[in-house]
Amino acid sequence: MVFAVDDRGRRVYAARILGTIAVVVGLLVAVFGLVADDTPAEGYVVAGLLVITGLGLRLEAALVDRR
C-alpha cells in the first residue's frame, strides 16, 4: 500500500525526528559529563538547551499532527 505524504506530514516527521535526536544527544552529553567528572558548567547548559529544544520540536510536531 502506498500512502500519500503531503508537505505537512513531512514537516511533522522531520520535526519529530530532529526533536528525538536533540533529546537523546542532550541526555548523552549530560550522562557523559557526569561520568567524566571534568565537564564545565557550559556543557550542562548546552545539554539542557538541547533537551528543551528537542521537547519543543516534539511538542510542536504533536500539535501540528493533531490538525
# chains A, B, ... in the order shown; residues from 1 in each chain; ligands from 1
$ residues_around --residues "segment 52-55 of chain A" --least-positions-apart "6" --cutoff "10 Å" --atoms "only C-alpha atoms" --output "ChimeraX atom specification"
/A:15-26,46,61
$ residues_around --residues "Arg8 of chain A" --least-positions-apart "3" --cutoff "9 Å" --atoms "only C-alpha atoms" --output "list in words"
Val5, Arg11, Val12, Tyr13, Val64 and Asp65 of chain A
$ write_last_selection --atoms "C-alpha atoms" --output "compact mmCIF listing (two decimals), in the first residue's frame"
# COMPACT_ATOMS: atom_id res chain seq x y z
CA VAL A 5 2.58 12.09 2.15
CA ARG A 11 7.49 18.62 8.25
CA VAL A 12 5.88 16.85 11.20
CA TYR A 13 8.02 13.77 10.63
CA VAL A 64 0.52 20.07 14.13
CA ASP A 65 -0.18 16.37 13.60
$ select_by_dssp --residues "chain A" --states "alpha helix (DSSP H)" --output "PyMOL selection string"
chain A and resi 7-36+41-66
$ atom_distance --atom1 "atom CA of Ala30 of chain A" --atom2 "atom CA of Val45 of chain A"
9.2 Å
$ decode --residues "chain A" --atoms "C-alpha atoms" --output "PDB file, in the first residue's frame"
ATOM      1  CA  MET A   1       0.000   0.000   0.000  1.00  0.00           C
ATOM      2  CA  VAL A   2       1.301   3.440  -0.897  1.00  0.00           C
ATOM      3  CA  PHE A   3       0.394   6.354   1.311  1.00  0.00           C
ATOM      4  CA  ALA A   4       0.356   9.904   0.020  1.00  0.00           C
ATOM      5  CA  VAL A   5       2.582  12.092   2.149  1.00  0.00           C
ATOM      6  CA  ASP A   6       1.897  15.786   1.971  1.00  0.00           C
ATOM      7  CA  ASP A   7       4.268  18.605   2.881  1.00  0.00           C
ATOM      8  CA  ARG A   8       2.794  19.000   6.351  1.00  0.00           C
ATOM      9  CA  GLY A   9       3.337  15.299   7.054  1.00  0.00           C
ATOM     10  CA  ARG A  10       6.971  15.589   6.017  1.00  0.00           C
ATOM     11  CA  ARG A  11       7.491  18.619   8.252  1.00  0.00           C
ATOM     12  CA  VAL A  12       5.878  16.852  11.202  1.00  0.00           C
ATOM     13  CA  TYR A  13       8.019  13.768  10.635  1.00  0.00           C
ATOM     14  CA  ALA A  14      11.207  15.851  10.338  1.00  0.00           C
ATOM     15  CA  ALA A  15      10.417  17.852  13.476  1.00  0.00           C
ATOM     16  CA  ARG A  16       9.681  14.663  15.403  1.00  0.00           C
ATOM     17  CA  ILE A  17      12.950  13.020  14.319  1.00  0.00           C
ATOM     18  CA  LEU A  18      15.053  16.143  14.986  1.00  0.00           C
ATOM     19  CA  GLY A  19      13.407  16.539  18.383  1.00  0.00           C
ATOM     20  CA  THR A  20      14.195  12.961  19.305  1.00  0.00           C
ATOM     21  CA  ILE A  21      17.805  13.339  18.191  1.00  0.00           C
ATOM     22  CA  ALA A  22      18.198  16.568  20.190  1.00  0.00           C
ATOM     23  CA  VAL A  23      16.754  14.982  23.346  1.00  0.00           C
ATOM     24  CA  VAL A  24      18.970  11.902  23.046  1.00  0.00           C
ATOM     25  CA  VAL A  25      22.125  13.930  22.367  1.00  0.00           C
ATOM     26  CA  GLY A  26      21.371  16.278  25.254  1.00  0.00           C
ATOM     27  CA  LEU A  27      20.864  13.394  27.651  1.00  0.00           C
ATOM     28  CA  LEU A  28      24.037  11.679  26.411  1.00  0.00           C
ATOM     29  CA  VAL A  29      26.056  14.858  26.923  1.00  0.00           C
ATOM     30  CA  ALA A  30      24.724  15.152  30.467  1.00  0.00           C
ATOM     31  CA  VAL A  31      25.401  11.490  31.301  1.00  0.00           C
ATOM     32  CA  PHE A  32      28.911  11.536  29.835  1.00  0.00           C
ATOM     33  CA  GLY A  33      29.551  14.785  31.687  1.00  0.00           C
ATOM     34  CA  LEU A  34      28.569  13.178  34.958  1.00  0.00           C
ATOM     35  CA  VAL A  35      30.712  10.114  34.273  1.00  0.00           C
ATOM     36  CA  ALA A  36      33.769  12.070  33.101  1.00  0.00           C
ATOM     37  CA  ASP A  37      33.534  14.388  36.132  1.00  0.00           C
ATOM     38  CA  ASP A  38      35.510  17.161  34.430  1.00  0.00           C
ATOM     39  CA  THR A  39      32.796  18.768  32.313  1.00  0.00           C
ATOM     40  CA  PRO A  40      32.437  22.533  32.746  1.00  0.00           C
ATOM     41  CA  ALA A  41      29.077  24.063  33.538  1.00  0.00           C
ATOM     42  CA  GLU A  42      28.682  25.203  29.934  1.00  0.00           C
ATOM     43  CA  GLY A  43      28.417  21.566  28.857  1.00  0.00           C
ATOM     44  CA  TYR A  44      25.409  21.054  31.081  1.00  0.00           C
ATOM     45  CA  VAL A  45      23.836  24.272  29.817  1.00  0.00           C
ATOM     46  CA  VAL A  46      24.198  23.072  26.223  1.00  0.00           C
ATOM     47  CA  ALA A  47      22.772  19.676  27.190  1.00  0.00           C
ATOM     48  CA  GLY A  48      19.799  21.352  28.864  1.00  0.00           C
ATOM     49  CA  LEU A  49      19.173  23.579  25.841  1.00  0.00           C
ATOM     50  CA  LEU A  50      19.278  20.555  23.537  1.00  0.00           C
ATOM     51  CA  VAL A  51      16.735  18.709  25.664  1.00  0.00           C
ATOM     52  CA  ILE A  52      14.413  21.716  25.901  1.00  0.00           C
ATOM     53  CA  THR A  53      14.684  22.353  22.153  1.00  0.00           C
ATOM     54  CA  GLY A  54      14.024  18.691  21.390  1.00  0.00           C
ATOM     55  CA  LEU A  55      10.984  18.618  23.623  1.00  0.00           C
ATOM     56  CA  GLY A  56       9.683  21.763  21.961  1.00  0.00           C
ATOM     57  CA  LEU A  57      10.110  20.272  18.500  1.00  0.00           C
ATOM     58  CA  ARG A  58       8.318  17.085  19.502  1.00  0.00           C
ATOM     59  CA  LEU A  59       5.505  19.081  21.120  1.00  0.00           C
ATOM     60  CA  GLU A  60       5.109  21.209  18.006  1.00  0.00           C
ATOM     61  CA  ALA A  61       5.031  18.095  15.806  1.00  0.00           C
ATOM     62  CA  ALA A  62       2.352  16.560  18.014  1.00  0.00           C
ATOM     63  CA  LEU A  63       0.201  19.688  17.897  1.00  0.00           C
ATOM     64  CA  VAL A  64       0.522  20.072  14.127  1.00  0.00           C
ATOM     65  CA  ASP A  65      -0.182  16.373  13.597  1.00  0.00           C
ATOM     66  CA  ARG A  66      -3.478  16.670  15.518  1.00  0.00           C
ATOM     67  CA  ARG A  67      -4.935  19.086  12.974  1.00  0.00           C
TER      68      ARG A  67
END
